[in-house]
>>> print(open('run.txt').read())   # compact mmCIF, C-alpha atoms and all ligand atoms
# COMPACT_ATOMS: atom_id res chain seq x y z
CA MET A 1 122.62 99.77 87.37
CA SER A 2 118.90 100.23 87.76
CA ASN A 3 117.33 100.85 91.13
CA LEU A 4 115.23 98.39 93.03
CA ILE A 5 113.45 101.28 94.76
CA LYS A 6 113.18 104.95 93.94
CA THR A 7 110.88 107.36 95.78
CA LYS A 8 110.13 110.95 94.84
CA ASN A 9 108.57 113.26 97.42
CA LEU A 10 106.73 110.41 99.11
CA CYS A 11 104.15 111.62 101.65
CA LYS A 12 101.58 110.03 103.90
CA THR A 13 99.04 112.18 105.69
CA TYR A 14 96.61 110.50 108.08
CA VAL A 15 93.30 112.27 108.54
CA ASN A 16 91.16 111.53 111.59
CA GLY A 17 88.28 113.97 111.77
CA GLU A 18 89.81 117.42 112.20
CA VAL A 19 93.27 116.07 112.96
CA LYS A 20 95.82 115.73 110.16
CA THR A 21 99.14 113.97 110.78
CA ASN A 22 101.95 114.27 108.25
CA ALA A 23 103.51 110.91 109.16
CA VAL A 24 105.91 110.98 106.18
CA CYS A 25 106.66 114.09 104.18
CA GLY A 26 108.62 114.68 100.95
CA VAL A 27 110.87 111.63 101.21
CA SER A 28 113.10 110.92 98.19
CA PHE A 29 115.83 108.28 97.91
CA GLU A 30 117.04 105.35 95.84
CA ILE A 31 117.96 101.82 96.91
CA GLU A 32 119.83 99.38 94.68
CA LYS A 33 119.54 95.60 94.69
CA GLY A 34 121.71 93.99 97.32
CA GLU A 35 121.87 96.95 99.72
CA PHE A 36 121.39 96.64 103.50
CA VAL A 37 119.72 99.86 104.63
CA ALA A 38 118.69 100.85 108.14
CA ILE A 39 115.92 103.40 108.57
CA MET A 40 116.44 104.94 112.00
CA GLY A 41 114.64 107.60 113.98
CA PRO A 42 112.85 108.14 117.28
CA SER A 43 109.41 106.71 117.97
CA GLY A 44 106.76 108.50 115.90
CA SER A 45 109.21 109.73 113.24
CA GLY A 46 107.41 107.86 110.43
CA LYS A 47 109.61 104.78 110.01
CA SER A 48 106.82 102.19 110.03
CA THR A 49 104.62 104.34 107.82
CA LEU A 50 107.46 104.62 105.30
CA MET A 51 108.12 100.87 105.46
CA GLN A 52 104.45 100.07 104.93
CA MET A 53 104.41 102.19 101.78
CA LEU A 54 107.65 100.66 100.50
CA GLY A 55 106.26 97.17 101.23
CA PHE A 56 102.95 97.79 99.42
CA LEU A 57 100.96 97.48 102.65
CA ASP A 58 99.79 101.10 102.42
CA ARG A 59 99.57 103.78 99.75
CA PRO A 60 101.21 107.20 99.76
CA THR A 61 98.93 110.23 99.73
CA GLU A 62 101.45 112.09 97.55
CA GLY A 63 104.59 111.41 95.54
CA ASP A 64 105.89 108.61 93.34
CA TYR A 65 107.22 105.17 94.12
CA PHE A 66 109.17 103.29 91.44
CA PHE A 67 109.74 99.60 92.14
CA GLU A 68 112.04 97.94 89.58
CA ASP A 69 111.50 101.04 87.40
CA ARG A 70 107.69 100.74 87.43
CA ASN A 71 105.73 103.58 89.03
CA VAL A 72 103.46 101.55 91.32
CA VAL A 73 101.39 104.51 92.57
CA GLY A 74 98.71 103.84 89.96
CA PHE A 75 98.74 100.06 90.47
CA SER A 76 95.54 98.29 91.53
CA ASP A 77 95.26 96.48 94.88
CA ASP A 78 95.61 93.16 93.05
CA GLU A 79 98.76 94.27 91.23
CA LEU A 80 100.28 95.46 94.52
CA ALA A 81 99.33 92.19 96.23
CA LYS A 82 101.07 90.27 93.46
CA ILE A 83 104.34 92.17 93.94
CA ARG A 84 104.03 91.86 97.72
CA ASN A 85 103.45 88.11 97.59
CA GLU A 86 106.11 87.36 95.01
CA GLU A 87 108.94 89.75 95.80
CA VAL A 88 108.73 90.89 99.44
CA GLY A 89 109.15 89.30 102.87
CA PHE A 90 108.24 90.94 106.20
CA ILE A 91 109.54 90.53 109.74
CA PHE A 92 107.80 92.41 112.58
CA GLN A 93 108.65 93.27 116.18
CA SER A 94 105.82 91.15 117.58
CA PHE A 95 106.51 88.18 115.25
CA ASN A 96 102.87 88.07 114.02
CA LEU A 97 102.73 84.26 114.11
CA LEU A 98 99.33 82.60 114.24
CA PRO A 99 98.48 81.12 117.65
CA ARG A 100 97.34 77.48 118.01
CA THR A 101 99.12 76.50 114.81
CA THR A 102 102.36 74.70 114.12
CA VAL A 103 105.64 76.14 112.91
CA PHE A 104 105.04 74.35 109.59
CA GLU A 105 101.62 75.96 109.09
CA ASN A 106 103.02 79.42 109.79
CA VAL A 107 105.95 79.13 107.42
CA GLU A 108 103.78 77.58 104.71
CA LEU A 109 101.34 80.51 104.77
CA PRO A 110 102.88 82.74 102.06
CA LEU A 111 103.02 79.74 99.72
CA LEU A 112 99.25 79.25 99.86
CA TYR A 113 99.05 82.24 97.52
CA PHE A 114 100.80 80.06 94.91
CA LYS A 115 98.93 76.85 95.68
CA ASN A 116 97.81 76.30 92.09
CA ARG A 117 101.40 76.52 90.92
CA ILE A 118 103.35 74.73 93.66
CA SER A 119 102.82 71.08 94.58
CA LYS A 120 102.42 69.85 98.15
CA LYS A 121 105.80 68.18 97.92
CA GLU A 122 107.50 71.36 96.72
CA THR A 123 105.75 73.34 99.48
CA GLU A 124 107.15 70.94 102.04
CA ARG A 125 110.63 71.17 100.54
CA ARG A 126 110.58 74.97 100.67
CA VAL A 127 109.26 75.09 104.25
CA PHE A 128 112.06 72.81 105.44
CA GLU A 129 114.66 74.75 103.47
CA ALA A 130 113.51 78.07 105.03
CA LEU A 131 113.50 76.57 108.53
CA LYS A 132 116.95 75.16 107.97
CA ALA A 133 118.29 78.60 107.07
CA VAL A 134 117.30 79.82 110.55
CA MET A 135 118.20 76.58 112.38
CA MET A 136 114.61 75.81 113.29
CA GLU A 137 113.90 72.63 111.33
CA HIS A 138 113.95 70.60 114.57
CA ARG A 139 110.83 72.47 115.73
CA VAL A 140 108.74 72.05 112.60
CA TYR A 141 105.73 70.41 114.28
CA HIS A 142 105.86 72.43 117.50
CA TYR A 143 103.07 74.87 118.22
CA THR A 144 104.13 78.49 118.09
CA ASN A 145 103.19 79.09 121.74
CA GLN A 146 105.79 76.46 122.74
CA LEU A 147 108.66 78.59 121.42
CA SER A 148 110.85 81.25 123.04
CA GLY A 149 110.82 84.80 121.66
CA GLY A 150 114.04 84.28 119.73
CA GLU A 151 112.73 81.03 118.24
CA LYS A 152 109.46 82.74 117.28
CA GLN A 153 111.35 85.45 115.42
CA ARG A 154 113.45 82.85 113.61
CA VAL A 155 110.24 81.12 112.49
CA ALA A 156 108.91 84.51 111.36
CA ILE A 157 112.11 84.99 109.34
CA ALA A 158 111.62 81.55 107.75
CA ARG A 159 108.09 82.61 106.82
CA ALA A 160 109.50 85.80 105.25
CA LEU A 161 112.00 83.72 103.22
CA VAL A 162 109.81 80.89 102.00
CA ASN A 163 108.81 82.76 98.81
CA ASN A 164 112.45 83.48 98.07
CA PRO A 165 111.79 87.25 97.98
CA GLU A 166 114.15 89.80 96.47
CA LEU A 167 113.51 92.24 99.29
CA VAL A 168 113.13 91.70 103.06
CA PHE A 169 111.69 94.32 105.43
CA ALA A 170 112.32 94.02 109.16
CA ASP A 171 110.43 96.47 111.43
CA GLU A 172 112.12 96.58 114.87
CA PRO A 173 112.88 92.84 114.59
CA THR A 174 114.92 92.78 117.81
CA GLY A 175 112.55 95.01 119.81
CA ASN A 176 110.95 92.17 121.81
CA LEU A 177 114.08 90.04 122.19
CA ASP A 178 116.87 89.67 124.75
CA SER A 179 120.24 90.85 123.46
CA LYS A 180 121.54 87.39 122.56
CA SER A 181 118.45 86.46 120.52
CA GLY A 182 118.57 89.93 118.98
CA LEU A 183 122.12 89.33 117.79
CA GLN A 184 121.10 86.01 116.29
CA VAL A 185 118.44 87.81 114.29
CA MET A 186 120.95 90.46 113.15
CA LYS A 187 123.35 87.68 112.16
CA ILE A 188 120.67 86.04 110.01
CA LEU A 189 119.86 89.38 108.35
CA GLN A 190 123.55 89.90 107.58
CA GLN A 191 123.84 86.38 106.15
CA LEU A 192 120.78 86.99 103.97
CA ASN A 193 122.33 90.20 102.70
CA ASP A 194 125.64 88.41 102.05
CA SER A 195 123.69 85.94 99.90
CA GLY A 196 122.38 88.82 97.80
CA LYS A 197 119.07 89.84 99.33
CA THR A 198 118.16 93.49 99.75
CA ILE A 199 117.40 94.23 103.41
CA ILE A 200 115.54 97.24 104.80
CA LEU A 201 115.74 97.34 108.58
CA VAL A 202 113.63 99.74 110.65
CA THR A 203 114.90 100.51 114.14
CA HIS A 204 115.01 103.28 116.74
CA GLU A 205 118.26 101.87 118.18
CA ASN A 206 121.59 103.24 117.00
CA TYR A 207 123.38 100.02 117.98
CA THR A 208 121.08 97.82 115.87
CA SER A 209 121.26 100.19 112.89
CA GLN A 210 125.06 99.91 112.85
CA HIS A 211 124.75 96.32 111.52
CA ALA A 212 123.49 97.71 108.19
CA LYS A 213 125.64 99.20 105.41
CA ARG A 214 123.74 102.45 104.93
CA LEU A 215 121.77 104.61 107.33
CA LEU A 216 118.72 106.73 106.52
CA LYS A 217 117.65 108.92 109.44
CA MET A 218 114.06 110.07 109.89
CA GLN A 219 112.80 112.87 112.07
CA ASP A 220 109.21 114.17 112.22
CA GLY A 221 108.38 112.38 108.97
CA VAL A 222 111.31 113.88 107.08
CA LEU A 223 114.46 112.18 105.83
CA VAL A 224 117.26 114.14 107.54
CA SER A 225 120.36 112.19 106.55
CA ASP A 226 121.58 109.42 104.28
CA GLU A 227 125.06 108.05 104.91
CA VAL A 228 127.26 105.01 104.38
CA ILE A 229 128.05 103.16 107.61
CA LYS A 230 131.81 102.90 107.97
CA ASN A 231 133.07 100.07 110.20
CA ARG A 232 129.68 98.46 110.54
CA LEU A 233 129.09 95.92 113.29
CA ILE A 234 129.15 92.24 112.39
CA ALA A 235 126.92 90.02 114.57
CA ASP A 236 129.53 87.51 115.71
CA GLY A 237 129.72 83.73 115.90
CA GLU A 238 130.00 83.83 119.72
CA SER A 239 126.39 84.83 119.94
CA GLY A 240 125.51 82.72 116.92
CA LEU A 241 122.88 80.12 116.43
CA ILE A 242 122.44 77.15 118.72
CA LYS A 243 122.10 73.97 116.69
N1 LIG B 301 96.76 104.94 111.29
C1 LIG B 301 97.18 106.11 111.76
N2 LIG B 301 96.33 107.14 111.93
C2 LIG B 301 96.76 108.33 112.39
N3 LIG B 301 98.03 108.62 112.72
C3 LIG B 301 98.93 107.62 112.56
C4 LIG B 301 98.57 106.32 112.09
N4 LIG B 301 99.68 105.55 112.05
C5 LIG B 301 100.70 106.33 112.48
N5 LIG B 301 100.26 107.56 112.80
C6 LIG B 301 101.07 108.69 113.27
O1 LIG B 301 102.07 108.94 112.30
C7 LIG B 301 103.32 109.24 112.92
C8 LIG B 301 104.39 108.26 112.49
O2 LIG B 301 104.07 106.98 112.98
P1 LIG B 301 104.96 105.68 112.69
O3 LIG B 301 105.19 105.60 111.24
O4 LIG B 301 104.30 104.52 113.35
O5 LIG B 301 106.32 106.05 113.42
P2 LIG B 301 107.55 105.14 113.93
O6 LIG B 301 107.42 103.80 113.26
O7 LIG B 301 108.77 105.88 113.56
O8 LIG B 301 107.39 105.03 115.41
C9 LIG B 301 103.05 109.23 114.41
O9 LIG B 301 102.79 110.55 114.83
C10 LIG B 301 101.83 108.38 114.55
O10 LIG B 301 101.08 108.72 115.68
MG MG B 302 107.29 101.87 114.12
>>> encode(input="run.txt", output="structure tokens")
Amino acid sequence: MSNLIKTKNLCKTYVNGEVKTNAVCGVSFEIEKGEFVAIMGPSGSGKSTLMQMLGFLDRPTEGDYFFEDRNVVGFSDDELAKIRNEEVGFIFQSFNLLPRTTVFENVELPLLYFKNRISKKETERRVFEALKAVMMEHRVYHYTNQLSGGEKQRVAIARALVNNPELVFADEPTGNLDSKSGLQVMKILQQLNDSGKTIILVTHENYTSQHAKRLLKMQDGVLVSDEVIKNRLIADGESGLIK
């Protein structure tokens, strides 16, 4: 089976004047389609930097990154944007929804990239389908500031899904949520993985990471362990979605 992701000695060094920070250093691993991987480590260990490189939001300063067997290090910004728009979804700690806009407008956003190829009717169908998957279709014309934190994150997940991406990144997705809303988010991520999506979850919390199937640990920019999670946690129905 071919890998979805393969990195070889991936490094990112930030330079600010005289100060050099090796945020990520010599990281090599492989991820296959359909995996659910948690990247865990303390604050400042390089998790977000690694995720941004894997998600084509930032470039490594050293090393190779193979995505679907293509070395993307030499790709142009446009080529990277194409992969990012067509194959990747992102969920962030602070939701990153646009203020003063509706749920519909937020979820529709990634589809605007395809507007010459997708009709208005199809756009609408996909937005409703994505909102349905996170039980938020009843809030489609609400403004984002009218939602609770948990609802905002569910809308952000719908936005990440609307392109039907192969790969979903979630960077501390439960970090700003109460524990019940956090479990709802973990339940959705597990359901997405059950349906075949590859999930890469970034977290500093051991408890949250235990919902994944594999654990990569980072420390000071270095990958220090890579293990299968035995007896992983399943986000239960008790705490499940409110219809
Ligand atoms: N844009 C930047 N410029 C300089 N240093 C940065 C930048 N972004 C992150 N860093 C540094 O790189 C290291 C790793 O950061 P980050 O990837 O955000 O860690 P984590 O997500 O694990 O908290 C930290 O020391 C951080 O201060
Ligand atoms: Mg981070």
>>> residues_near_point(input="run.txt", point="(129.6, 94.8, 111.3)", cutoff="6 Å", atoms="all atoms listed in the file", output="PyMOL selection string")
chain A and resi 211+232-234
>>> closest_atom_pairs(input="run.txt", of="chain A", to="ligand MG 302 (chain B)", cutoff="7 Å", atoms="only C-alpha atoms and all ligand atoms", output="tab-separated table")
residue	atom	partner	partner_atom	distance
A:Ser43	CA	B:MG302	MG	6.5
A:Gly44	CA	B:MG302	MG	6.9
A:Lys47	CA	B:MG302	MG	5.5
A:Ser48	CA	B:MG302	MG	4.1
A:Asp171	CA	B:MG302	MG	6.8
>>> write_last_selection(input="run.txt", atoms="C-alpha atoms", output="tab-separated table (two decimals), keeping the file's coordinate frame")
chain	number	residue	atom	x	y	z
A	43	SER	CA	109.41	106.71	117.97
A	44	GLY	CA	106.76	108.50	115.90
A	47	LYS	CA	109.61	104.78	110.01
A	48	SER	CA	106.82	102.19	110.03
A	171	ASP	CA	110.43	96.47	111.43
>>> residues_near_ligand(input="run.txt", ligand="ligand LIG 301 (chain B)", cutoff="9 Å", atoms="only C-alpha atoms and all ligand atoms", output="PyMOL selection string")
chain A and resi 12-16+19-24+40-52+171-172+202-204+218-221
>>> write_last_selection(input="run.txt", atoms="C-alpha atoms", output="PDB file, in the frame of the given file")
ATOM      1  CA  LYS A  12     101.580 110.030 103.900  1.00  0.00           C
ATOM      2  CA  THR A  13      99.040 112.180 105.690  1.00  0.00           C
ATOM      3  CA  TYR A  14      96.610 110.500 108.080  1.00  0.00           C
ATOM      4  CA  VAL A  15      93.300 112.270 108.540  1.00  0.00           C
ATOM      5  CA  ASN A  16      91.160 111.530 111.590  1.00  0.00           C
ATOM      6  CA  VAL A  19      93.270 116.070 112.960  1.00  0.00           C
ATOM      7  CA  LYS A  20      95.820 115.730 110.160  1.00  0.00           C
ATOM      8  CA  THR A  21      99.140 113.970 110.780  1.00  0.00           C
ATOM      9  CA  ASN A  22     101.950 114.270 108.250  1.00  0.00           C
ATOM     10  CA  ALA A  23     103.510 110.910 109.160  1.00  0.00           C
ATOM     11  CA  VAL A  24     105.910 110.980 106.180  1.00  0.00           C
ATOM     12  CA  MET A  40     116.440 104.940 112.000  1.00  0.00           C
ATOM     13  CA  GLY A  41     114.640 107.600 113.980  1.00  0.00           C
ATOM     14  CA  PRO A  42     112.850 108.140 117.280  1.00  0.00           C
ATOM     15  CA  SER A  43     109.410 106.710 117.970  1.00  0.00           C
ATOM     16  CA  GLY A  44     106.760 108.500 115.900  1.00  0.00           C
ATOM     17  CA  SER A  45     109.210 109.730 113.240  1.00  0.00           C
ATOM     18  CA  GLY A  46     107.410 107.860 110.430  1.00  0.00           C
ATOM     19  CA  LYS A  47     109.610 104.780 110.010  1.00  0.00           C
ATOM     20  CA  SER A  48     106.820 102.190 110.030  1.00  0.00           C
ATOM     21  CA  THR A  49     104.620 104.340 107.820  1.00  0.00           C
ATOM     22  CA  LEU A  50     107.460 104.620 105.300  1.00  0.00           C
ATOM     23  CA  MET A  51     108.120 100.870 105.460  1.00  0.00           C
ATOM     24  CA  GLN A  52     104.450 100.070 104.930  1.00  0.00           C
ATOM     25  CA  ASP A 171     110.430  96.470 111.430  1.00  0.00           C
ATOM     26  CA  GLU A 172     112.120  96.580 114.870  1.00  0.00           C
ATOM     27  CA  VAL A 202     113.630  99.740 110.650  1.00  0.00           C
ATOM     28  CA  THR A 203     114.900 100.510 114.140  1.00  0.00           C
ATOM     29  CA  HIS A 204     115.010 103.280 116.740  1.00  0.00           C
ATOM     30  CA  MET A 218     114.060 110.070 109.890  1.00  0.00           C
ATOM     31  CA  GLN A 219     112.800 112.870 112.070  1.00  0.00           C
ATOM     32  CA  ASP A 220     109.210 114.170 112.220  1.00  0.00           C
ATOM     33  CA  GLY A 221     108.380 112.380 108.970  1.00  0.00           C
TER      34      GLY A 221
END
>>> atom_distance(input="run.txt", atom1="CA of Asp58 (chain A)", atom2="CA of Leu223 (chain A)")
18.7 Å
>>> closest_residue(input="run.txt", among="A:Ala130, A:Thr174, A:Leu112, A:Gln190", to="Thr208 (chain A)", atoms="all atoms listed in the file")
A:Thr174
>>> decode(input="run.txt", residues="region 9-30 of chain A", atoms="N, CA, C and O atoms", output="mmCIF file, in the first residue's frame")
data_model
loop_
_atom_site.group_PDB
_atom_site.id
_atom_site.type_symbol
_atom_site.label_atom_id
_atom_site.label_comp_id
_atom_site.auth_asym_id
_atom_site.auth_seq_id
_atom_site.Cartn_x
_atom_site.Cartn_y
_atom_site.Cartn_z
ATOM 1 N N ASN A 9 13.478 13.583 7.229
ATOM 2 C CA ASN A 9 14.299 14.633 7.846
ATOM 3 C C ASN A 9 13.724 16.032 7.697
ATOM 4 O O ASN A 9 14.437 16.982 7.391
ATOM 5 N N LEU A 10 12.427 16.156 7.929
ATOM 6 C CA LEU A 10 11.762 17.448 7.786
ATOM 7 C C LEU A 10 12.223 18.407 8.889
ATOM 8 O O LEU A 10 12.253 18.043 10.070
ATOM 9 N N CYS A 11 12.591 19.618 8.492
ATOM 10 C CA CYS A 11 13.049 20.632 9.456
ATOM 11 C C CYS A 11 12.414 21.973 9.140
ATOM 12 O O CYS A 11 12.172 22.287 7.969
ATOM 13 N N LYS A 12 12.189 22.741 10.191
ATOM 14 C CA LYS A 12 11.775 24.135 10.008
ATOM 15 C C LYS A 12 12.539 24.987 10.998
ATOM 16 O O LYS A 12 12.427 24.802 12.217
ATOM 17 N N THR A 13 13.342 25.889 10.466
ATOM 18 C CA THR A 13 14.091 26.818 11.315
ATOM 19 C C THR A 13 13.548 28.211 11.068
ATOM 20 O O THR A 13 13.507 28.662 9.913
ATOM 21 N N TYR A 14 13.089 28.864 12.135
ATOM 22 C CA TYR A 14 12.656 30.262 12.013
ATOM 23 C C TYR A 14 13.852 31.157 12.313
ATOM 24 O O TYR A 14 14.588 30.909 13.272
ATOM 25 N N VAL A 15 14.040 32.172 11.504
ATOM 26 C CA VAL A 15 15.119 33.125 11.756
ATOM 27 C C VAL A 15 14.514 34.507 11.964
ATOM 28 O O VAL A 15 13.806 35.021 11.096
ATOM 29 N N ASN A 16 14.757 35.074 13.145
ATOM 30 C CA ASN A 16 14.342 36.446 13.434
ATOM 31 C C ASN A 16 15.582 37.221 13.875
ATOM 32 O O ASN A 16 16.025 37.099 15.005
ATOM 33 N N GLY A 17 16.143 37.983 12.963
ATOM 34 C CA GLY A 17 17.375 38.700 13.283
ATOM 35 C C GLY A 17 18.478 37.712 13.620
ATOM 36 O O GLY A 17 18.820 36.848 12.819
ATOM 37 N N GLU A 18 19.015 37.839 14.827
ATOM 38 C CA GLU A 18 20.112 36.966 15.277
ATOM 39 C C GLU A 18 19.603 35.627 15.813
ATOM 40 O O GLU A 18 20.377 34.695 15.998
ATOM 41 N N VAL A 19 18.288 35.585 16.091
ATOM 42 C CA VAL A 19 17.743 34.420 16.797
ATOM 43 C C VAL A 19 17.253 33.356 15.820
ATOM 44 O O VAL A 19 16.435 33.635 14.935
ATOM 45 N N LYS A 20 17.781 32.140 15.979
ATOM 46 C CA LYS A 20 17.332 31.015 15.160
ATOM 47 C C LYS A 20 16.584 30.034 16.051
ATOM 48 O O LYS A 20 17.088 29.655 17.112
ATOM 49 N N THR A 21 15.397 29.603 15.622
ATOM 50 C CA THR A 21 14.653 28.599 16.380
ATOM 51 C C THR A 21 14.458 27.369 15.506
ATOM 52 O O THR A 21 13.851 27.459 14.437
ATOM 53 N N ASN A 22 14.974 26.227 15.969
ATOM 54 C CA ASN A 22 14.713 24.973 15.265
ATOM 55 C C ASN A 22 13.375 24.427 15.749
ATOM 56 O O ASN A 22 13.316 23.641 16.685
ATOM 57 N N ALA A 23 12.283 24.877 15.128
ATOM 58 C CA ALA A 23 10.947 24.509 15.601
ATOM 59 C C ALA A 23 10.667 23.032 15.359
ATOM 60 O O ALA A 23 10.026 22.369 16.176
ATOM 61 N N VAL A 24 11.134 22.517 14.205
ATOM 62 C CA VAL A 24 10.998 21.094 13.878
ATOM 63 C C VAL A 24 12.325 20.646 13.291
ATOM 64 O O VAL A 24 12.930 21.374 12.506
ATOM 65 N N CYS A 25 12.790 19.478 13.705
ATOM 66 C CA CYS A 25 14.144 19.078 13.348
ATOM 67 C C CYS A 25 14.238 17.576 13.028
ATOM 68 O O CYS A 25 13.966 16.734 13.880
ATOM 69 N N GLY A 26 14.572 17.253 11.783
ATOM 70 C CA GLY A 26 14.860 15.867 11.406
ATOM 71 C C GLY A 26 13.714 14.888 11.619
ATOM 72 O O GLY A 26 13.923 13.762 12.067
ATOM 73 N N VAL A 27 12.495 15.311 11.262
ATOM 74 C CA VAL A 27 11.331 14.453 11.520
ATOM 75 C C VAL A 27 11.028 13.579 10.304
ATOM 76 O O VAL A 27 10.822 14.082 9.202
ATOM 77 N N SER A 28 11.008 12.251 10.524
ATOM 78 C CA SER A 28 10.711 11.298 9.456
ATOM 79 C C SER A 28 9.621 10.328 9.909
ATOM 80 O O SER A 28 9.739 9.747 10.989
ATOM 81 N N PHE A 29 8.575 10.181 9.118
ATOM 82 C CA PHE A 29 7.553 9.171 9.399
ATOM 83 C C PHE A 29 6.701 8.969 8.157
ATOM 84 O O PHE A 29 6.840 9.705 7.173
ATOM 85 N N GLU A 30 5.831 7.963 8.231
ATOM 86 C CA GLU A 30 4.920 7.677 7.124
ATOM 87 C C GLU A 30 3.514 7.549 7.670
ATOM 88 O O GLU A 30 3.333 7.038 8.775
#
